[in-house]
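work.csv, holding CSV, C-alpha atoms:
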chain,number,residue,atom,x,y,z
A,415,MET,CA,0.0,0.0,0.0
A,416,ARG,CA,1.5,3.3,-1.0
A,417,LEU,CA,0.2,6.6,0.5
A,418,PHE,CA,0.8,10.1,-0.9
A,419,PRO,CA,-0.3,12.6,1.7
A,420,ARG,CA,0.1,16.3,0.7
A,421,ALA,CA,2.4,17.0,3.6
A,422,LEU,CA,4.6,14.1,2.5
A,423,CYS,CA,4.9,15.4,-1.1
A,424,ALA,CA,6.1,18.7,0.3
A,425,SER,CA,8.8,17.2,2.4
A,426,VAL,CA,10.3,14.6,0.0
A,427,ALA,CA,12.5,17.2,-1.6
A,428,GLY,CA,14.5,17.5,1.6
A,429,TRP,CA,14.9,13.8,2.2
A,430,ARG,CA,18.1,11.8,1.6
A,431,GLN,CA,18.6,10.7,-2.0
A,432,CYS,CA,21.4,8.3,-1.0
A,433,PHE,CA,22.3,6.5,2.2
A,434,PRO,CA,25.6,7.5,3.9
A,435,LEU,CA,27.8,4.4,3.7
A,436,HIS,CA,31.2,5.8,4.6
A,437,GLY,CA,32.8,4.7,7.9
A,438,ARG,CA,30.9,1.4,8.0
A,439,ASP,CA,33.0,-1.8,8.3
A,440,VAL,CA,31.3,-4.6,6.4
A,441,ALA,CA,34.1,-7.1,7.3
A,442,ARG,CA,33.2,-6.7,11.0
A,443,TRP,CA,29.5,-7.6,10.4
A,444,PHE,CA,30.1,-10.8,8.5
A,445,PRO,CA,32.0,-13.9,9.7
A,446,GLY,CA,34.8,-15.4,7.6
A,447,HIS,CA,34.1,-17.4,4.5
A,448,MET,CA,33.0,-20.4,6.6
A,449,ALA,CA,35.5,-22.7,4.9
A,450,LYS,CA,34.6,-25.6,7.2
A,451,GLY,CA,31.0,-25.7,5.9
A,452,LEU,CA,32.1,-25.4,2.3
A,453,LYS,CA,34.6,-28.2,2.6
A,454,LYS,CA,31.9,-30.5,4.1
A,455,MET,CA,29.7,-29.7,1.1
A,456,GLN,CA,32.5,-30.5,-1.3
A,457,SER,CA,33.3,-33.8,0.4
A,458,SER,CA,29.6,-34.8,0.0
A,459,LEU,CA,29.4,-33.9,-3.7
A,460,LYS,CA,30.2,-37.3,-5.0
A,461,LEU,CA,26.9,-38.5,-3.6
A,462,VAL,CA,24.9,-35.6,-5.0
A,463,ASP,CA,22.9,-35.6,-8.2
A,464,CYS,CA,21.6,-32.0,-8.2
A,465,ILE,CA,22.0,-28.8,-6.2
A,466,ILE,CA,19.2,-26.5,-5.1
A,467,GLU,CA,20.4,-23.1,-4.3
A,468,VAL,CA,17.9,-21.1,-2.1
A,469,HIS,CA,18.0,-17.3,-2.0
A,470,ASP,CA,15.8,-14.5,-0.8
A,471,SER,CA,13.4,-13.1,-3.4
A,472,ARG,CA,13.8,-9.6,-2.0
A,473,ILE,CA,17.5,-9.6,-2.9
A,474,SER,CA,17.3,-11.5,-6.2
A,475,PHE,CA,20.6,-10.1,-7.6
A,476,HIS,CA,22.7,-9.5,-4.5
A,477,GLY,CA,24.4,-11.6,-1.8
A,478,ARG,CA,24.8,-15.0,-3.5
A,479,ASN,CA,28.1,-16.7,-2.6
A,480,PRO,CA,30.3,-16.9,-5.8
A,481,LEU,CA,32.1,-19.8,-4.3
A,482,PHE,CA,29.1,-22.0,-4.8
A,483,GLN,CA,29.4,-21.7,-8.5
A,484,GLU,CA,33.2,-22.2,-8.4
A,485,THR,CA,33.2,-25.3,-6.2
A,486,LEU,CA,29.8,-26.9,-6.9
A,487,GLY,CA,29.2,-25.8,-10.4
A,488,LEU,CA,29.5,-29.2,-12.2
A,489,LYS,CA,26.2,-30.5,-10.9
A,490,PRO,CA,22.7,-29.7,-12.3
A,491,HIS,CA,21.5,-26.5,-10.5
A,492,LEU,CA,18.1,-25.2,-9.5
A,493,PHE,CA,17.8,-21.6,-8.3
A,494,VAL,CA,14.9,-21.2,-5.8
A,495,LEU,CA,13.9,-17.7,-4.8
A,496,ASN,CA,12.1,-18.1,-1.6
A,497,LYS,CA,10.0,-15.8,0.5
A,498,MET,CA,8.1,-14.6,-2.5
A,499,ASP,CA,5.3,-13.4,-0.3
A,500,LEU,CA,7.6,-10.8,1.2
A,501,ALA,CA,8.9,-9.5,-2.2
A,502,ASP,CA,7.5,-7.1,-4.7
A,503,LEU,CA,7.4,-9.2,-7.8
A,504,THR,CA,5.6,-6.7,-10.1
A,505,GLU,CA,8.5,-7.1,-12.5
A,506,GLN,CA,9.0,-10.9,-12.1
A,507,GLN,CA,9.6,-11.5,-15.7
A,508,LYS,CA,12.4,-8.9,-15.8
A,509,ILE,CA,13.9,-10.5,-12.7
A,510,MET,CA,14.0,-13.8,-14.4
A,511,GLN,CA,15.4,-12.3,-17.6
A,512,ARG,CA,18.2,-10.7,-15.7
A,513,LEU,CA,19.1,-13.9,-13.8
A,514,GLU,CA,19.0,-15.9,-17.1
A,515,GLU,CA,21.5,-13.4,-18.5
A,516,GLU,CA,23.7,-14.2,-15.5
A,517,GLY,CA,23.6,-17.9,-16.4
A,518,LEU,CA,20.7,-19.1,-14.1
A,519,LYS,CA,18.4,-21.0,-16.4
A,520,ASN,CA,16.3,-23.0,-13.9
A,521,ILE,CA,14.4,-20.6,-11.6
A,522,ILE,CA,11.4,-21.1,-9.3
A,523,PHE,CA,9.9,-18.6,-6.9
A,524,THR,CA,8.5,-20.1,-3.7
A,525,ASN,CA,6.7,-19.3,-0.5
A,526,CYS,CA,7.4,-22.2,2.0
A,527,VAL,CA,5.0,-20.8,4.6
A,528,LYS,CA,2.0,-21.5,2.3
A,529,ASP,CA,3.8,-24.1,0.1
A,530,GLU,CA,3.4,-22.0,-3.0
A,531,ASN,CA,5.0,-23.4,-6.2
A,532,ILE,CA,6.6,-26.2,-4.1
A,533,LYS,CA,5.1,-28.9,-6.3
A,534,GLN,CA,7.1,-27.6,-9.2
A,535,ILE,CA,10.4,-28.5,-7.6
A,536,ILE,CA,10.4,-32.4,-7.7
A,537,PRO,CA,9.4,-32.5,-11.4
A,538,LYS,CA,12.1,-30.0,-12.2
A,539,ILE,CA,14.8,-31.9,-10.3
A,540,THR,CA,13.7,-35.2,-12.0
A,541,GLU,CA,14.1,-33.4,-15.4
A,542,LEU,CA,17.5,-31.9,-14.6
A,543,VAL,CA,18.9,-35.2,-13.2
A,544,GLY,CA,17.4,-37.2,-16.0
A,545,SER,CA,19.2,-35.1,-18.6
A,546,SER,CA,22.6,-35.1,-16.9
A,547,TYR,CA,25.3,-37.7,-16.6
A,548,ARG,CA,25.3,-39.2,-13.1
A,549,TYR,CA,28.9,-39.9,-12.1
A,550,HIS,CA,29.2,-43.4,-10.6
A,551,ARG,CA,25.5,-43.4,-9.8
A,552,ALA,CA,23.9,-44.5,-13.1
A,553,GLU,CA,22.3,-47.6,-11.7
A,554,ASN,CA,21.1,-46.0,-8.4
A,555,MET,CA,17.4,-45.2,-8.7
A,556,GLU,CA,17.3,-42.8,-5.8
A,557,TYR,CA,18.3,-39.2,-6.1
A,558,CYS,CA,20.4,-37.2,-3.6
A,559,ILE,CA,20.0,-33.4,-3.7
A,560,MET,CA,22.1,-30.8,-1.8
A,561,VAL,CA,20.3,-27.7,-0.6
A,562,ILE,CA,22.7,-24.7,-0.3
A,563,GLY,CA,22.5,-20.9,0.2
A,564,VAL,CA,23.5,-18.0,2.4
A,565,PRO,CA,22.1,-18.0,6.0
A,566,ASN,CA,18.4,-17.6,6.8
A,567,VAL,CA,16.9,-17.8,3.3
A,568,GLY,CA,14.7,-20.8,4.1
A,569,LYS,CA,16.7,-23.9,3.2
A,570,SER,CA,15.3,-26.0,6.1
A,571,SER,CA,11.8,-24.5,5.5
A,572,LEU,CA,12.0,-25.7,1.9
A,573,ILE,CA,12.9,-29.2,3.0
A,574,ASN,CA,10.0,-29.3,5.4
A,575,SER,CA,7.6,-27.9,2.8
A,576,LEU,CA,8.6,-30.6,0.3
A,577,ARG,CA,8.0,-33.3,3.0
A,578,ARG,CA,4.5,-31.8,3.6
A,579,GLN,CA,3.7,-31.9,-0.1
A,580,HIS,CA,5.0,-35.3,-1.0
A,581,LEU,CA,5.2,-37.4,2.2
A,582,LYS,CA,2.3,-35.8,4.1
A,583,THR,CA,4.5,-35.7,7.2
A,584,GLY,CA,5.9,-33.2,9.7
A,585,LYS,CA,9.1,-31.3,9.7
A,586,ALA,CA,12.5,-33.0,9.7
A,587,ALA,CA,14.8,-29.9,9.7
A,588,ARG,CA,14.9,-27.2,12.3
A,589,VAL,CA,13.9,-23.7,11.2
A,590,GLY,CA,14.3,-20.3,12.8
A,591,GLY,CA,14.0,-16.6,12.1
A,592,GLU,CA,17.7,-15.9,12.5
A,593,PRO,CA,20.9,-17.2,10.8
A,594,GLY,CA,22.9,-20.1,12.1
A,595,ILE,CA,20.1,-22.6,12.9
A,596,THR,CA,21.7,-25.3,10.7
A,597,ARG,CA,25.3,-25.6,11.7
A,598,ALA,CA,26.5,-28.7,9.8
A,599,VAL,CA,25.7,-30.8,6.7
A,600,THR,CA,23.0,-33.1,8.0
A,601,SER,CA,22.3,-36.7,7.2
A,602,ARG,CA,20.0,-37.5,4.3
A,603,ILE,CA,16.3,-36.4,4.7
A,604,GLN,CA,13.7,-38.1,2.5
A,605,VAL,CA,11.3,-35.6,0.8
A,606,SER,CA,9.7,-37.9,-1.9
A,607,GLY,CA,8.8,-41.5,-2.4
A,608,GLN,CA,8.0,-41.5,-6.1
A,609,PRO,CA,10.7,-40.8,-7.2
A,610,LEU,CA,12.7,-41.6,-4.1
A,611,ILE,CA,14.5,-38.4,-3.3
A,612,PHE,CA,16.7,-37.5,-0.3
A,613,LEU,CA,18.0,-34.0,0.5
A,614,LEU,CA,21.1,-32.8,2.4
A,615,ASP,CA,20.5,-29.6,4.4
A,616,THR,CA,23.6,-27.5,4.8
A,617,PRO,CA,24.7,-24.5,6.9
A,618,GLY,CA,24.4,-21.0,5.4
A,619,VAL,CA,27.7,-20.0,3.8
A,620,LEU,CA,28.5,-16.4,3.1
A,621,ALA,CA,30.9,-15.1,0.6
A,622,PRO,CA,34.5,-14.5,1.7
A,623,ARG,CA,34.1,-10.8,1.0
A,624,ILE,CA,30.8,-8.8,0.8
A,625,GLU,CA,30.9,-6.8,-2.4
A,626,SER,CA,29.7,-3.4,-0.9
A,627,VAL,CA,28.4,-1.9,2.3
A,628,GLU,CA,24.9,-1.5,0.7
A,629,THR,CA,24.9,-5.2,-0.2
A,630,GLY,CA,25.8,-5.9,3.4
A,631,LEU,CA,22.9,-3.8,4.6
A,632,LYS,CA,20.4,-5.5,2.3
A,633,LEU,CA,21.6,-8.9,3.5
A,634,ALA,CA,21.3,-7.7,7.1
A,635,LEU,CA,17.7,-6.5,6.6
A,636,CYS,CA,16.8,-10.0,5.3
A,637,GLY,CA,18.3,-11.5,8.5
A,638,THR,CA,21.4,-13.0,7.0
A,639,VAL,CA,23.5,-12.0,10.0
A,640,LEU,CA,22.7,-11.4,13.7
A,641,ASP,CA,21.3,-7.9,14.0
A,642,HIS,CA,23.6,-6.8,16.8
A,643,LEU,CA,26.6,-7.3,14.6
A,644,VAL,CA,25.5,-4.5,12.3
A,645,GLY,CA,23.5,-2.5,14.9
A,646,GLU,CA,19.7,-2.4,15.1
A,647,GLU,CA,19.5,1.4,14.8
A,648,THR,CA,21.8,1.4,11.7
A,649,MET,CA,19.6,-1.2,10.1
A,650,ALA,CA,16.4,0.6,11.1
A,651,ASP,CA,17.8,3.8,9.5
A,652,TYR,CA,18.6,2.0,6.3
A,653,LEU,CA,15.1,0.4,6.3
A,654,LEU,CA,13.5,3.8,6.8
A,655,TYR,CA,15.5,5.1,3.9
A,656,ILE,CA,14.5,2.2,1.6
A,657,LEU,CA,10.8,2.4,2.5
A,658,ASN,CA,10.8,6.2,1.7
A,659,GLN,CA,12.7,5.7,-1.5
A,660,HIS,CA,10.2,3.1,-2.6
A,661,GLN,CA,7.3,5.3,-1.5
A,662,MET,CA,6.1,2.6,0.9
A,663,PHE,CA,4.6,4.5,3.8
A,664,ARG,CA,2.6,1.8,5.5
A,665,TYR,CA,4.9,2.3,8.6
A,666,VAL,CA,3.1,5.6,9.2
A,667,GLN,CA,-0.3,3.9,9.6
A,668,HIS,CA,1.1,0.9,11.4
A,669,TYR,CA,2.7,2.9,14.1
A,670,GLY,CA,0.2,5.7,14.2
A,671,LEU,CA,2.8,8.4,13.3
A,672,SER,CA,1.7,11.9,12.4
A,673,GLY,CA,3.4,11.6,9.0
A,674,ALA,CA,6.2,10.0,7.1
A,675,SER,CA,9.7,11.1,8.1
A,676,ASP,CA,13.3,10.7,7.0
A,677,ASP,CA,14.6,11.2,10.5
A,678,ILE,CA,15.3,7.9,12.2
A,679,GLU,CA,15.6,9.4,15.6
A,680,CYS,CA,12.1,10.9,15.5
A,681,VAL,CA,10.7,7.7,14.1
A,682,LEU,CA,12.2,5.5,16.7
A,683,LYS,CA,11.2,7.9,19.5
A,684,SER,CA,7.6,7.8,18.3
A,685,ILE,CA,7.6,4.0,18.0
A,686,ALA,CA,9.1,3.6,21.5
A,687,VAL,CA,6.5,6.0,23.0
A,688,ARG,CA,3.6,4.3,21.2
A,689,LEU,CA,4.7,0.8,22.2
A,690,GLY,CA,5.7,1.8,25.8
A,691,LYS,CA,9.3,0.8,25.2
A,692,THR,CA,11.3,2.9,27.7
A,693,ARG,CA,14.4,2.5,29.9
A,694,LYS,CA,15.6,4.2,33.0
A,695,VAL,CA,18.9,6.2,32.7
A,696,LYS,CA,20.9,7.7,35.5
A,697,VAL,CA,21.6,11.3,35.0
A,698,LEU,CA,24.2,13.1,37.2
A,699,THR,CA,22.9,16.4,38.5
A,700,GLY,CA,24.0,19.0,41.0
A,701,THR,CA,22.0,17.3,43.7
A,702,GLY,CA,23.0,13.7,42.8
A,703,ASP,CA,22.0,10.9,40.5
A,704,VAL,CA,18.5,11.1,39.1
A,705,ASN,CA,16.7,8.3,37.3
A,706,VAL,CA,15.2,9.6,34.0
A,707,VAL,CA,12.8,7.5,31.8
A,708,GLN,CA,13.8,7.7,28.1
A,709,PRO,CA,12.4,6.1,25.0
A,710,ASN,CA,14.3,2.9,24.2
A,711,HIS,CA,15.5,3.4,20.6
A,712,SER,CA,17.1,0.0,20.4
A,713,ALA,CA,13.9,-1.8,21.4
A,714,ALA,CA,11.9,0.4,18.9
A,715,ALA,CA,14.4,-0.5,16.1
A,716,ARG,CA,14.1,-4.2,16.8
A,717,ASP,CA,10.3,-3.9,16.5
A,718,PHE,CA,10.6,-1.9,13.3
A,719,LEU,CA,12.9,-4.5,11.8
A,720,GLN,CA,10.7,-7.4,12.9
A,721,THR,CA,7.5,-5.7,11.5
A,722,PHE,CA,9.3,-5.3,8.2
A,723,ARG,CA,10.5,-8.9,8.1
A,724,SER,CA,7.0,-10.2,8.8
A,725,GLY,CA,5.6,-8.4,5.8
A,726,LEU,CA,3.4,-6.0,7.7
A,727,LEU,CA,5.0,-3.0,6.0
A,728,GLY,CA,4.3,-4.4,2.5
A,729,PRO,CA,6.2,-6.4,-0.1
A,730,VAL,CA,9.6,-4.9,-1.2
A,731,MET,CA,12.2,-5.5,-3.8
A,732,LEU,CA,15.5,-4.4,-2.2
A,733,ASP,CA,17.3,-4.8,-5.5
A,734,ARG,CA,14.9,-2.4,-7.3
A,735,ASP,CA,17.9,-0.1,-8.3
A,736,ILE,CA,19.3,-2.9,-10.4
A,737,LEU,CA,15.9,-3.8,-11.8
A,738,GLN,CA,15.3,-0.2,-12.7
A,739,GLY,CA,18.6,-0.2,-14.5
A,740,CYS,CA,17.5,-3.1,-16.6
A,741,LEU,CA,14.2,-1.4,-17.4
A,742,SER,CA,15.9,1.8,-18.4
A,743,ALA,CA,18.2,-0.1,-20.8
A,744,ASP,CA,15.2,-1.8,-22.4
A,745,THR,CA,13.3,1.4,-22.9
A,746,GLY,CA,16.3,3.6,-23.9
A,747,PRO,CA,17.1,4.9,-27.4
Would you mind writing the file out in structure tokens?
Amino acid sequence: MRLFPRALCASVAGWRQCFPLHGRDVARWFPGHMAKGLKKMQSSLKLVDCIIEVHDSRISFHGRNPLFQETLGLKPHLFVLNKMDLADLTEQQKIMQRLEEEGLKNIIFTNCVKDENIKQIIPKITELVGSSYRYHRAENMEYCIMVIGVPNVGKSSLINSLRRQHLKTGKAARVGGEPGITRAVTSRIQVSGQPLIFLLDTPGVLAPRIESVETGLKLALCGTVLDHLVGEETMADYLLYILNQHQMFRYVQHYGLSGASDDIECVLKSIAVRLGKTRKVKVLTGTGDVNVVQPNHSAAARDFLQTFRSGLLGPVMLDRDILQGCLSADTGP
């Protein structure tokens, strides 16, 4: 839902047109290249017929680990863009076209919460494996699939969704709303009986080096790293900037604000007051220490981020800048 109040139109001219990125240390936010997890994946490759790479639909073009292609690239590959319910897919065909230009030919958008498009995956896997040479596994009738991706994109949720669809059974893989739930390459998990298919769940593996601070912020908004490593208030500020740039002002209505704003301090103060999130702070005065109640900006920032991640502020395409570049190229002279 996009709102265009008159007061807002008057104030947009004074808002930030770019987000200040200087002085932010991406290397401190993200752990190393997680070599242990990648080595475990490589050692399991000889048993694998196909690879499913899961990524977040909201960052369709950013944040993929290039080491996946380098080390696992010989196997048939299916690219699953999950959390489609949280993404603005108005230009879905343009997204697929751009990804195909980058060499990704087999793409499926999914929502594992409601099992949307999940039934497309097994037939696609069967097709990919059937048209490829199965090294040392030609006579084996069962398929073994490895599920890979950066942290917290829904790899375990995908496995559980496949089991619900094809085995009518409960979950086999732990899931969570933060990165690091899966910490090792798991044993095989059956997801289909006809054909007989097993999946290997793997820990999220980030790239050795994040390409830019803005890419790091986009990944952080999607929950790829623990919030405190980046800073909740920094992330909330970037989220506010993104929502305003995309003209997504549902946060005004959700928190009962007087209007849209580009000032994160004002927004967090208003959220904290509305939600009753305060903290006592000791202030030294001439007569001694005095306890003062102040709005808790950190708690307000956490609520703002969680509200966004749950989809209550509307679907968003965080890579809209890249998509707009594609559209401009298509419509240019």
Query raised in the report: Looking at A:Gly618, A:Gly451, A:Gly607, A:Gly517, which one is nearest to His469 in chain A, with distances taken over all atoms listed in the file?
Result: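 Among the listed residues, A:Gly618 lies closest to His469 in chain A.
Residue neighbourhood of Asp499 in chain A, excluding near-sequence residues (fewer than 4 positions): Asn525, Gly725 and Pro729 of chain A, at 8 Å, using only C-alpha atoms.
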Find the residues of range 630-657 of chain A that sit at most 12 Å from range 478-491 of chain A; for each, write down the nearest two atoms and how far apart they are in Å, to one decimal. Count all atoms listed in the file. Sort by chain, then by number going up, and give it as a Markdown table.
| residue | atom | partner | partner_atom | distance |
| --- | --- | --- | --- | --- |
| A:Gly630 | CA | A:Arg478 | CA | 11.5 |
| A:Lys632 | CA | A:Arg478 | CA | 12.0 |
| A:Leu633 | CA | A:Arg478 | CA | 9.8 |
| A:Thr638 | CA | A:Arg478 | CA | 11.2 |
Which residues of range 481-523 of chain A have any atom within 9 Å of an atom in range 560-573 of chain A when counting only C-alpha atoms, and what is the closest pair of atoms for each, with the distance in Å to one decimal? Order the rows by chain and rising number and write it as a tab-separated table.
residue	atom	partner	partner_atom	distance
A:Phe482	CA	A:Ile562	CA	8.3
A:Leu495	CA	A:Val567	CA	8.6
A:Asn496	CA	A:Gly568	CA	6.8
A:Lys497	CA	A:Val567	CA	7.7
Dump as a Markdown table the rows for residues of range 610-648 of chain A within 9 Å of range 696-720 of chain A: closest atom pair and distance in Å with one decimal, all atoms listed in the file counted, ordered by chain and rising residue number.
| residue | atom | partner | partner_atom | distance |
| --- | --- | --- | --- | --- |
| A:Leu635 | CA | A:Leu719 | CA | 7.4 |
| A:Asp641 | CA | A:Arg716 | CA | 8.6 |
| A:Gly645 | CA | A:Ser712 | CA | 8.8 |
| A:Glu646 | CA | A:Ala715 | CA | 5.7 |
| A:Glu647 | CA | A:Ala715 | CA | 5.6 |
| A:Thr648 | CA | A:Ala715 | CA | 8.8 |
Expected file: the selected residues, C-alpha atoms, as a compact mmCIF listing (two decimals), in the coordinates of the input:
# COMPACT_ATOMS: atom_id res chain seq x y z
CA LEU A 635 17.70 -6.50 6.60
CA ASP A 641 21.30 -7.90 14.00
CA GLY A 645 23.50 -2.50 14.90
CA GLU A 646 19.70 -2.40 15.10
CA GLU A 647 19.50 1.40 14.80
CA THR A 648 21.80 1.40 11.70
Query - Polymer residues at most 10 Å from (12.1, -30.3, -1.3) by only C-alpha atoms, as a list of chain:residue names - result: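 The answer, in the requested form, is A:Ile466, A:Cys526, A:Ile532, A:Lys533, A:Gln534, A:Ile535, A:Ile536, A:Ile539, A:Ile559, A:Val561, A:Lys569, A:Ser570, A:Ser571, A:Leu572, A:Ile573, A:Asn574, A:Ser575, A:Leu576, A:Arg577, A:Arg578, A:Gln579, A:His580, A:Ile603, A:Gln604, A:Val605, A:Ser606, A:Ile611, A:Phe612, A:Leu613.
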Requested in this report: Using CA of Leu643 in chain A and CA of Trp443 in chain A as the two end points, give the distance in Å to one decimal.
Outcome: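 So the two atoms, CA of Leu643 in chain A and CA of Trp443 in chain A, lie 5.1 Å apart.
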Requested in this report: Rank A:Met662, A:Leu610, A:Ile473, A:Leu513 by their smallest atom-to-atom distance to Ala634 in chain A, using all atoms listed in the file, and report the top residue only.
Outcome: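 Among the listed residues, the smallest separation from Ala634 in chain A belongs to A:Ile473.
Counting from CA of Ile678 in chain A, the distance to CA of Leu653 in chain A is 9.5 Å.
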